[in-house]
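Note: the block below is input.txt and it holds compact mmCIF, C-alpha atoms.
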```txt
# COMPACT_ATOMS: atom_id res chain seq x y z
CA MET L 1 0.00 0.00 0.00
CA ILE L 2 1.54 3.27 -1.08
CA PHE L 3 -0.82 5.70 0.64
CA LYS L 4 -1.40 5.04 4.23
CA ARG L 5 -4.69 6.27 5.65
CA LYS L 6 -4.14 8.92 8.32
CA LYS L 7 -4.90 7.79 11.84
CA LYS L 8 -8.17 9.19 13.16
CA LYS L 9 -7.55 12.04 15.62
CA THR L 10 -10.56 12.89 17.72
CA MET L 11 -10.35 15.87 20.08
CA SER L 12 -12.31 16.77 23.15
CA ILE L 13 -14.86 19.55 22.57
CA LYS L 14 -12.84 21.90 24.78
CA ASP L 15 -9.66 21.30 22.76
CA LEU L 16 -11.62 21.71 19.55
CA VAL L 17 -12.98 25.09 20.62
CA GLU L 18 -9.52 26.22 21.66
CA LYS L 19 -8.06 25.14 18.34
CA ILE L 20 -10.75 27.01 16.43
CA ARG L 21 -10.16 30.07 18.60
CA ALA L 22 -6.44 29.93 17.76
CA ILE L 23 -7.19 29.73 14.03
CA ARG L 24 -9.60 32.67 14.31
CA ASP L 25 -6.95 34.75 16.09
CA LEU L 26 -4.38 33.83 13.49
CA ILE L 27 -6.61 35.12 10.68
CA ASP L 28 -7.35 38.24 12.73
CA MET L 29 -3.64 38.91 13.13
CA ARG L 30 -3.12 38.22 9.43
CA GLY L 31 -0.66 35.50 10.38
CA SER L 32 0.52 32.87 7.97
CA LEU L 33 -2.01 30.09 7.89
CA SER L 34 -1.66 27.11 5.60
CA PRO L 35 -4.69 25.50 3.99
CA SER L 36 -3.34 22.10 5.10
CA GLU L 37 -3.57 23.25 8.73
CA LEU L 38 -7.18 24.15 8.18
CA ARG L 39 -7.85 20.92 6.33
CA ASP L 40 -6.54 19.00 9.34
CA LEU L 41 -8.69 21.05 11.67
CA LEU L 42 -11.76 20.48 9.57
CA ARG L 43 -11.08 16.78 9.44
CA SER L 44 -10.66 16.56 13.20
CA ILE L 45 -13.87 18.61 13.68
CA ALA L 46 -15.77 16.18 11.49
CA GLU L 47 -14.31 13.19 13.33
CA SER L 48 -14.95 14.70 16.76
CA VAL L 49 -18.57 15.71 16.19
CA VAL L 50 -19.74 12.67 14.27
CA ASN L 51 -20.85 10.89 17.45
CA LEU L 52 -22.48 13.90 19.10
CA SER L 53 -26.23 14.30 19.29
CA ASP L 54 -28.03 16.95 17.20
CA ILE L 55 -28.56 19.14 20.26
CA GLU L 56 -24.90 18.92 21.30
CA ARG L 57 -23.76 19.74 17.79
CA ASP L 58 -26.09 22.70 17.62
CA ARG L 59 -24.81 24.03 20.95
CA LEU L 60 -21.22 23.72 19.77
CA ALA L 61 -22.06 25.40 16.47
CA ARG L 62 -23.59 28.35 18.33
CA GLN L 63 -20.49 28.60 20.49
CA ILE L 64 -18.24 28.75 17.41
CA ASP L 65 -20.57 31.25 15.76
CA GLU L 66 -20.31 33.56 18.78
CA LEU L 67 -16.55 33.08 18.86
CA PHE L 68 -16.16 34.44 15.35
CA ASP L 69 -18.91 37.02 15.71
CA GLU L 70 -17.08 38.66 18.59
CA LYS L 71 -13.90 39.14 16.56
CA VAL L 72 -15.71 40.16 13.39
CA SER L 73 -17.70 42.85 15.19
CA ILE L 74 -14.55 44.25 16.84
CA ARG L 75 -12.75 44.30 13.49
CA LYS L 76 -15.81 45.92 11.85
CA GLY L 77 -15.81 48.59 14.56
CA TRP L 78 -12.15 49.36 13.91
CA ARG L 79 -12.84 49.40 10.19
CA GLU L 80 -15.70 51.88 10.60
CA GLU L 81 -13.45 54.17 12.60
CA LYS L 82 -10.78 54.03 9.89
CA VAL L 83 -13.38 54.82 7.23
CA ARG L 84 -14.52 57.85 9.23
CA THR L 85 -10.91 58.99 9.58
CA ILE L 86 -10.11 58.58 5.89
CA LYS L 87 -13.28 60.46 4.91
CA SER L 88 -12.38 63.33 7.21
CA LEU L 89 -8.78 63.28 5.97
CA LEU L 90 -9.87 63.32 2.34
CA LYS L 91 -12.14 66.26 3.00
CA GLU L 92 -9.23 68.09 4.61
CA ILE L 93 -6.96 67.24 1.66
CA SER L 94 -9.49 68.28 -0.96
CA MET L 95 -10.09 71.62 0.79
CA TYR L 96 -6.38 72.51 0.75
CA PRO L 97 -6.08 75.48 -1.61
CA ASN L 98 -2.47 74.83 -2.54
CA LYS L 99 -2.18 71.26 -3.73
CA LYS L 100 1.61 71.53 -3.82
CA ASP L 101 1.85 72.42 -0.15
CA PRO L 102 4.51 70.14 1.42
CA MET L 103 2.23 69.79 4.46
CA LEU L 104 -0.13 67.85 2.24
CA ARG L 105 2.23 64.98 1.42
CA PRO L 106 2.14 63.27 4.86
CA LYS L 107 -1.63 63.57 4.83
CA ILE L 108 -1.87 61.91 1.43
CA LEU L 109 0.46 59.16 2.60
CA ARG L 110 -1.64 58.67 5.73
CA ALA L 111 -4.79 58.40 3.58
CA LYS L 112 -3.09 55.74 1.44
CA GLN L 113 -2.01 53.80 4.52
CA LEU L 114 -5.54 53.95 5.92
CA ASP L 115 -6.95 52.75 2.60
CA MET L 116 -4.58 49.77 2.70
CA GLN L 117 -5.53 48.95 6.28
CA ILE L 118 -9.24 49.14 5.46
CA ARG L 119 -8.78 46.74 2.57
CA MET L 120 -6.81 44.37 4.80
CA ASP L 121 -9.61 44.55 7.38
CA ASP L 122 -12.13 43.72 4.65
CA ALA L 123 -10.09 40.68 3.62
CA SER L 124 -9.75 39.46 7.24
CA ILE L 125 -13.48 39.95 7.94
CA GLU L 126 -14.49 38.17 4.75
CA THR L 127 -12.14 35.24 5.42
CA MET L 128 -13.27 34.92 9.02
CA LEU L 129 -16.92 34.89 7.97
CA GLN L 130 -16.34 32.28 5.28
CA ILE L 131 -14.31 30.01 7.54
CA ARG L 132 -16.90 30.38 10.29
CA ASP L 133 -19.61 29.30 7.86
CA ILE L 134 -17.62 26.25 6.79
CA ILE L 135 -16.82 25.19 10.36
CA VAL L 136 -20.35 25.81 11.64
CA ASP L 137 -21.74 23.93 8.67
CA THR L 138 -19.44 20.97 9.33
CA ILE L 139 -20.43 20.88 13.00
CA ARG L 140 -24.18 21.28 12.39
CA ARG L 141 -24.34 18.59 9.78
CA GLY L 142 -21.93 16.35 11.72
CA VAL L 143 -20.64 15.08 8.41
CA GLU L 144 -18.48 12.05 7.92
CA PRO L 145 -14.84 12.90 7.13
CA SER L 146 -15.31 11.81 3.54
CA GLU L 147 -18.17 14.28 3.10
CA ALA L 148 -16.08 17.05 4.61
CA TRP L 149 -13.88 17.04 1.53
CA SER L 150 -16.19 19.37 -0.36
CA SER L 151 -15.75 21.88 2.45
CA ILE L 152 -12.01 21.31 2.33
CA ILE L 153 -11.93 22.31 -1.30
CA ARG L 154 -13.92 25.44 -0.45
CA ILE L 155 -11.60 26.29 2.43
CA THR L 156 -8.54 25.88 0.25
CA SER L 157 -9.90 28.34 -2.28
CA VAL L 158 -10.86 30.84 0.47
CA MET L 159 -7.41 30.63 2.02
CA THR L 160 -5.64 30.88 -1.31
CA SER L 161 -7.53 34.01 -2.30
CA PHE L 162 -6.93 35.49 1.17
CA ALA L 163 -3.19 34.81 0.92
CA GLU L 164 -3.08 36.20 -2.62
CA GLU L 165 -4.95 39.32 -1.60
CA LEU L 166 -2.68 39.91 1.39
CA ASN L 167 0.39 39.40 -0.73
CA ALA L 168 -0.83 41.86 -3.36
CA MET L 169 -1.60 44.39 -0.63
CA ARG L 170 1.80 43.86 0.98
CA MET L 171 3.51 44.61 -2.33
CA GLU L 172 1.34 47.67 -2.89
CA TYR L 173 2.01 48.84 0.66
CA GLU L 174 5.78 48.44 0.28
CA GLU L 175 5.57 50.41 -2.96
CA THR L 176 3.70 53.17 -1.15
CA LEU L 177 6.28 53.28 1.62
CA SER L 178 9.19 53.23 -0.79
CA GLU L 179 7.95 56.57 -2.10
CA VAL L 180 9.02 58.11 1.18
CA MET L 181 12.77 58.05 0.66
CA PRO L 182 14.86 58.17 3.80
CA ASP L 183 17.47 60.46 2.19
CA VAL L 184 17.74 64.18 2.79
CA SER L 185 16.66 65.31 -0.67
CA GLY L 186 13.05 65.35 0.53
CA LEU L 187 14.02 67.51 3.48
CA MET L 188 15.96 69.84 1.21
CA GLU L 189 12.88 70.25 -0.95
CA THR L 190 10.67 70.78 2.07
CA TYR L 191 12.83 73.58 3.45
CA GLY L 192 13.45 75.15 0.06
CA VAL L 193 17.20 74.42 -0.11
CA ALA L 194 16.92 72.61 -3.41
CA LYS L 195 14.42 73.54 -6.05
CA GLU L 196 12.64 70.81 -7.88
CA GLU L 197 11.95 71.26 -11.57
CA LYS L 198 8.56 72.81 -12.10
CA ILE L 199 7.34 70.17 -14.54
CA VAL L 200 8.25 67.29 -12.22
CA ALA L 201 6.44 69.00 -9.38
CA GLU L 202 3.36 69.56 -11.49
CA GLU L 203 3.31 65.97 -12.68
CA LYS L 204 3.77 64.75 -9.14
CA ALA L 205 0.95 66.96 -7.90
CA LYS L 206 -1.29 65.79 -10.74
CA ALA L 207 -0.60 62.10 -9.99
CA GLU L 208 -1.29 62.69 -6.32
CA GLU L 209 -4.49 64.56 -7.10
CA GLU L 210 -5.56 61.62 -9.24
CA GLU L 211 -4.87 59.19 -6.40
CA VAL L 212 -6.81 61.34 -3.94
CA ARG L 213 -9.70 61.56 -6.42
CA GLU L 214 -9.76 57.75 -6.63
CA LEU L 215 -9.85 57.47 -2.84
CA ILE L 216 -12.70 60.01 -2.67
CA GLU L 217 -14.61 58.02 -5.26
CA ARG L 218 -14.14 54.89 -3.13
CA TYR L 219 -14.99 56.33 0.29
CA GLY L 220 -16.60 59.72 -0.40
CA SER L 221 -15.51 62.53 1.88
CA GLU L 222 -16.80 63.21 5.39
CA MET J 223 -4.50 67.08 52.50
CA ILE J 224 -5.89 69.11 49.58
CA ILE J 225 -7.12 66.25 47.47
CA VAL J 226 -7.63 62.74 48.78
CA SER J 227 -6.58 59.76 46.79
CA ALA J 228 -10.14 58.52 46.05
CA GLU J 229 -11.11 61.93 44.69
CA ARG J 230 -7.99 62.03 42.58
CA GLU J 231 -8.79 58.61 41.11
CA GLU J 232 -12.28 59.83 40.35
CA ILE J 233 -10.93 62.87 38.51
CA ILE J 234 -8.47 60.69 36.54
CA GLU J 235 -11.31 58.36 35.58
CA LEU J 236 -13.41 61.34 34.48
CA ILE J 237 -10.55 62.67 32.33
CA ASP J 238 -10.16 59.21 30.77
CA THR J 239 -13.85 59.23 29.86
CA ILE J 240 -13.52 62.72 28.35
CA ILE J 241 -10.44 61.59 26.35
CA ASP J 242 -12.41 58.63 24.94
CA ARG J 243 -15.33 60.84 23.94
CA VAL J 244 -13.10 63.49 22.41
CA LYS J 245 -11.19 60.81 20.49
CA ASP J 246 -14.43 59.50 19.08
CA LYS J 247 -15.75 62.94 18.09
CA ALA J 248 -12.41 64.27 16.84
CA VAL J 249 -12.30 61.82 13.92
CA ASP J 250 -14.90 64.00 12.15
CA TRP J 251 -13.16 67.32 12.80
CA TRP J 252 -11.54 67.56 9.40
CA TRP J 253 -10.95 71.29 9.89
CA LEU J 254 -8.92 70.52 13.02
CA GLU J 255 -6.76 67.76 11.50
CA GLN J 256 -9.02 65.13 13.08
CA GLY J 257 -8.36 66.72 16.50
CA LYS J 258 -4.60 66.51 16.11
CA ALA J 259 -4.04 70.21 15.46
CA PRO J 260 -2.07 71.89 18.25
CA ILE J 261 -4.33 74.49 19.81
CA ILE J 262 -3.75 74.71 23.54
CA LYS J 263 -0.89 75.38 25.94
CA ILE J 264 -1.04 73.83 29.38
CA THR J 265 1.05 73.66 32.53
CA ILE J 266 3.81 71.11 32.88
CA PHE J 267 5.52 70.64 36.17
CA GLU J 268 8.88 69.12 36.84
CA LYS J 269 10.12 67.89 40.16
CA ALA J 270 13.81 68.03 40.97
CA GLY J 271 14.43 67.00 44.57
CA ASN J 272 12.06 69.10 46.66
CA GLU J 273 11.81 71.82 44.05
CA VAL J 274 8.81 71.94 41.73
CA THR J 275 9.08 73.98 38.56
CA LEU J 276 6.01 74.95 36.58
CA TYR J 277 6.28 75.93 32.96
CA GLU J 278 4.08 76.30 29.92
CA SER J 279 3.99 73.55 27.31
CA PRO J 280 4.12 74.27 23.61
CA LYS J 281 0.72 74.16 21.88
CA LEU J 282 -0.77 70.67 22.14
CA SER J 283 -3.73 68.92 20.62
CA LEU J 284 -6.80 68.61 22.81
CA ILE J 285 -6.23 64.91 23.49
CA ALA J 286 -2.53 65.36 24.25
CA ALA J 287 -3.40 68.22 26.63
CA LEU J 288 -6.00 66.12 28.43
CA ARG J 289 -3.52 63.25 28.77
CA LYS J 290 -0.93 65.62 30.19
CA ILE J 291 -3.42 66.97 32.72
CA ARG J 292 -4.32 63.41 33.72
CA ASP J 293 -0.62 62.63 34.21
CA ASN J 294 -0.22 65.81 36.24
CA PHE J 295 -2.99 64.62 38.55
CA ARG J 296 -1.22 61.29 38.92
CA GLU J 297 2.03 63.02 39.85
CA LEU J 298 0.37 65.39 42.27
CA ASP J 299 0.92 63.17 45.31
CA LYS J 300 4.65 63.19 44.82
CA CYS J 301 4.84 66.96 45.19
CA PRO J 302 5.51 68.77 48.46
CA GLN J 303 2.37 69.86 50.31
CA GLU J 304 3.07 73.58 49.91
CA ASP J 305 3.27 73.29 46.10
CA LYS J 306 0.13 71.20 45.71
CA PHE J 307 -2.25 74.14 46.01
CA LYS J 308 -0.36 76.13 43.41
CA ILE J 309 -0.32 73.16 40.99
CA LEU J 310 -3.98 72.39 41.58
CA ARG J 311 -4.91 75.97 40.77
CA ARG J 312 -2.98 75.76 37.51
CA LEU J 313 -4.57 72.39 36.70
CA TYR J 314 -8.01 73.83 37.29
CA TYR J 315 -7.18 76.78 35.04
CA ASP J 316 -5.90 74.45 32.26
CA PHE J 317 -8.92 72.22 32.58
CA SER J 318 -11.35 75.12 32.29
CA ARG J 319 -9.51 76.35 29.19
CA ILE J 320 -9.82 72.89 27.63
CA GLN J 321 -13.51 72.87 28.44
CA LYS J 322 -13.87 76.28 26.81
CA ALA J 323 -11.98 75.13 23.69
CA LEU J 324 -14.04 71.95 23.48
CA THR J 325 -17.35 73.82 23.70
CA ARG J 326 -16.22 76.20 20.95
CA ILE J 327 -14.91 73.39 18.74
CA ILE J 328 -18.30 71.70 18.94
CA GLU J 329 -19.97 75.04 18.10
CA VAL J 330 -17.73 75.59 15.05
CA ASP J 331 -18.15 71.99 13.94
CA GLN J 332 -21.92 72.38 14.11
CA ILE J 333 -21.76 75.52 11.96
CA LEU J 334 -19.51 73.78 9.43
CA LYS J 335 -21.91 70.84 9.33
CA GLU J 336 -24.73 73.26 8.57
CA HIS J 337 -22.62 74.56 5.67
CA ASP J 338 -21.57 71.08 4.61
CA TYR J 339 -23.12 71.53 1.18
CA VAL J 340 -20.86 74.52 0.46
CA ILE J 341 -17.73 72.78 1.76
CA SER J 342 -18.36 69.53 -0.13
CA ARG J 343 -19.21 71.37 -3.31
CA LEU J 344 -16.10 73.55 -3.07
CA SER J 345 -13.85 70.56 -2.42
CA GLN J 346 -15.13 68.92 -5.61
CA MET J 347 -14.90 72.03 -7.78
CA SER J 348 -12.17 72.67 -10.31
CA ASP J 349 -9.13 74.90 -9.95
CA GLU J 350 -11.29 77.91 -10.85
CA ALA J 351 -12.78 77.74 -7.38
CA GLU J 352 -9.37 77.93 -5.74
CA SER J 353 -9.92 81.49 -4.53
CA LEU J 354 -13.07 80.41 -2.72
CA ARG J 355 -11.27 77.43 -1.19
CA ASN J 356 -8.55 79.84 -0.11
CA LYS J 357 -11.15 81.97 1.66
CA VAL J 358 -12.58 78.96 3.52
CA PHE J 359 -9.09 77.83 4.45
CA SER J 360 -8.06 81.18 5.90
CA LEU J 361 -11.42 81.47 7.66
CA ILE J 362 -10.84 78.10 9.29
CA ASN J 363 -7.30 79.04 10.26
CA SER J 364 -8.50 82.22 11.86
CA ILE J 365 -11.27 80.50 13.85
CA ARG J 366 -8.77 77.85 14.98
CA ASP J 367 -6.54 80.59 16.34
CA SER J 368 -9.44 82.25 18.11
CA LEU J 369 -10.67 79.23 20.04
CA LEU J 370 -9.36 80.53 23.34
CA ILE J 371 -10.14 84.23 23.17
CA ASP J 372 -12.43 85.84 25.75
CA ASP J 373 -16.18 85.36 25.59
CA ASP J 374 -17.11 88.81 24.20
CA ASN J 375 -14.63 88.60 21.37
CA TRP J 376 -15.65 85.01 20.69
CA ALA J 377 -19.25 86.09 20.13
CA LEU J 378 -18.03 88.65 17.59
CA GLU J 379 -15.67 86.16 15.98
CA ILE J 380 -18.28 83.42 15.57
CA ASN J 381 -20.77 85.87 14.08
CA LYS J 382 -18.14 87.02 11.63
CA PHE J 383 -17.38 83.37 10.82
CA ILE J 384 -21.04 82.62 10.02
CA LYS J 385 -21.38 85.81 7.99
CA GLU J 386 -18.31 85.06 5.91
CA LEU J 387 -19.39 81.46 5.35
CA ASN J 388 -22.72 82.74 4.08
CA GLN J 389 -20.88 85.17 1.84
CA ILE J 390 -18.75 82.31 0.45
CA LYS J 391 -21.93 80.31 -0.12
CA LYS J 392 -23.38 83.23 -2.09
CA GLU J 393 -20.19 83.61 -4.13
CA MET J 394 -20.12 79.89 -4.83
CA GLU J 395 -23.70 79.91 -6.06
CA GLU J 396 -22.94 82.89 -8.30
CA PHE J 397 -19.89 81.07 -9.57
CA ILE J 398 -21.97 77.99 -10.40
CA ILE J 399 -24.60 80.12 -12.17
CA ARG J 400 -21.92 81.93 -14.19
CA LYS J 401 -20.39 78.61 -15.15
CA GLU J 402 -23.75 77.16 -16.15
CA GLU J 403 -24.55 80.26 -18.20
CA LYS J 404 -21.21 79.96 -19.96
CA ARG J 405 -21.94 76.33 -20.70
CA LEU J 406 -25.38 77.14 -22.10
CA VAL J 407 -23.93 79.87 -24.34
CA MET J 408 -21.40 77.37 -25.65
CA VAL J 409 -24.14 74.81 -26.32
CA GLU J 410 -26.20 77.46 -28.08
CA LYS J 411 -23.25 78.51 -30.19
CA SER J 412 -22.42 74.95 -31.23
CA LYS J 413 -26.09 74.38 -32.14
CA GLU J 414 -26.07 77.52 -34.30
CA LYS J 415 -22.90 76.34 -35.94
CA GLU J 416 -24.49 72.96 -36.68
CA VAL J 417 -27.55 74.63 -38.24
CA MET J 418 -25.33 76.85 -40.39
CA MET J 419 -23.32 73.86 -41.53
CA GLU J 420 -26.51 71.97 -42.42
CA GLY J 421 -27.82 75.00 -44.35
CA ALA J 422 -24.57 75.30 -46.28
```
Taking this structure as input, can you express it in the form of structure tokens?
Amino acid sequence: MIFKRKKKKTMSIKDLVEKIRAIRDLIDMRGSLSPSELRDLLRSIAESVVNLSDIERDRLARQIDELFDEKVSIRKGWREEKVRTIKSLLKEISMYPNKKDPMLRPKILRAKQLDMQIRMDDASIETMLQIRDIIVDTIRRGVEPSEAWSSIIRITSVMTSFAEELNAMRMEYEETLSEVMPDVSGLMETYGVAKEEKIVAEEKAKAEEEEVRELIERYGSE
Amino acid sequence: MIIVSAEREEIIELIDTIIDRVKDKAVDWWWLEQGKAPIIKITIFEKAGNEVTLYESPKLSLIAALRKIRDNFRELDKCPQEDKFKILRRLYYDFSRIQKALTRIIEVDQILKEHDYVISRLSQMSDEAESLRNKVFSLINSIRDSLLIDDDNWALEINKFIKELNQIKKEMEEFIIRKEEKRLVMVEKSKEKEVMMEGA
């Protein structure tokens, strides 16, 4: 026999809840989470709940639902606050009469950072909700491990898109930060020691205006 | 003892509650850099041995000032008895100034909310409206600087603020009408041109 069947690993309900809590926190912290880890968890959930009664399974499902709900609502609260801040910031930026004012650059950068954080929050919330649904569904139905495979395929796709999204955002974020060069040329410009060519400044201002316009379109202003 | 420990804890708790509320409200104060604009100077005291030195801080944001006052209350017990009264008097003075600033910020914010249509419209308008945006900007700067003036002058200042905002609103509407008229003339002209071309 080439492929050996994995040994069944049943967990106590308490351990199961703790394991799910750990996975939830990992997603919340945007930690690295492999689909295989989740597959194993899902398999052990299915194996652990298969012998429970309907009422016991329902109680456990509610517990898991609350577990995720708590984190999702906290994250949503933080997200709302960031959206309010970015709206207010965009209003401030758009009311600035001189778009080339050096005071405006940190504000634009802050708006971009906030936008990135909001999108990361969205990805975390969405992933948490999807994984909650899959886990709760597995517990409620008390499926046999073989039946859980359809969920495993779903979870793999959710995790892959989450990882891809985070990776794309990380790259975009690094690009944003790389614009703030740690050399002194920026400081020289700020304090008027070195003069930047007019055309470059205009192009820069135009590009920034365009970016701000895009952000306003996405969030509106306060 | 001037202030007992339980009372002090109560005051610290109250300041913490105020900080939380201000933090929540300040997010919407776009005209005050989301509450981060430095607007108020408060007392800072330093203790070296038995000597307590009081000095004025640079301008701080409302939240930073409240935090500093809270820390001052925490440090109060470590000061010699004879200095406590002097420090408490200064703390009371700072706190009442913060309260005054906060009340006025809320008043200005309310007025700006009432004129939200003008502000939003101006922020979306093209470069031609830059002079109007400039006016709003300098108006906001001047009201920010006046947040701590005496009550009589504040009444005059806030009336002037409302008046000028209304004036800007009027100018903006005129600007929009002028622009629309220009557009209509252009449309009319192009229609005439089309008719002439067809006739030819």
Mind listing as a list in words which residues of chain L are within 7 Å of chain J, counting only C-alpha atoms? Arg84, Thr85, Ser88, Leu89, Lys91, Glu92, Ser94, Met95 and Pro97 of chain L
Note to self: So that I can see what lies close to Lys322 (chain J), please list as number ranges by chain the residues with an atom at most 10 Å from it, counting all atoms listed in the file and leaving out residues fewer than 5 positions away in the same chain.
What the structure shows: J: 316-317, 327, 369-373
Dump C-alpha atoms for the selected residues as a short mmCIF file (atom, residue, chain, number, x, y, z; two decimals), in the frame of the given file?
```
data_model
loop_
_atom_site.label_atom_id
_atom_site.label_comp_id
_atom_site.auth_asym_id
_atom_site.auth_seq_id
_atom_site.Cartn_x
_atom_site.Cartn_y
_atom_site.Cartn_z
CA ASP J 316 -5.90 74.45 32.26
CA PHE J 317 -8.92 72.22 32.58
CA ILE J 327 -14.91 73.39 18.74
CA LEU J 369 -10.67 79.23 20.04
CA LEU J 370 -9.36 80.53 23.34
CA ILE J 371 -10.14 84.23 23.17
CA ASP J 372 -12.43 85.84 25.75
CA ASP J 373 -16.18 85.36 25.59
#
```
Using only C-alpha atoms, which residue out of J:Lys385, J:Lys308, J:Arg343, J:Arg292 lies closest to Leu236 (chain J)?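 Between J:Lys385, J:Lys308, J:Arg343, J:Arg292, the residue approaching Leu236 (chain J) most closely is J:Arg292.
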- [ ] Just give me the gap between CA of Met11 (chain L) and CA of Thr127 (chain L) in Å, one decimal is fine.
- [x]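 Interatomic distance here is 24.4 Å.
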task: Have a look at CA of Glu379 (chain J) and CA of Lys263 (chain J) and let me know their distance in Å, one decimal.
output: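 Distance reported for this atom pair: 20.8 Å.
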Tell me which protein, DNA and RNA residues are within 8 Å of Ile93 (chain L), counting only C-alpha atoms, leaving out same-chain ones fewer than 3 positions away, and put them as a PyMOL selection string. chain L and resi 89-90+96+104+107-108
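One finds CA of Tyr314 (chain J) at 17.5 Å from CA of Val274 (chain J).
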Restricting to only C-alpha atoms, whichever of L:Gln117, L:Thr138, L:Ser161, L:Ser12 is closest to Ala46 (chain L) is L:Thr138
*Who sits within 8 Å of region 391-405 of chain J, all atoms listed in the file, same chain under 2 positions skipped, as JSON, numbers by chain*: {"J": [340, 344, 354, 387, 388, 389, 407, 408, 409]}
I need the chosen residues saved as a short mmCIF file (atom, residue, chain, number, x, y, z; two decimals), in the frame of the given file, with C-alpha atoms.
```
data_model
loop_
_atom_site.label_atom_id
_atom_site.label_comp_id
_atom_site.auth_asym_id
_atom_site.auth_seq_id
_atom_site.Cartn_x
_atom_site.Cartn_y
_atom_site.Cartn_z
CA VAL J 340 -20.86 74.52 0.46
CA LEU J 344 -16.10 73.55 -3.07
CA LEU J 354 -13.07 80.41 -2.72
CA LEU J 387 -19.39 81.46 5.35
CA ASN J 388 -22.72 82.74 4.08
CA GLN J 389 -20.88 85.17 1.84
CA VAL J 407 -23.93 79.87 -24.34
CA MET J 408 -21.40 77.37 -25.65
CA VAL J 409 -24.14 74.81 -26.32
#
```
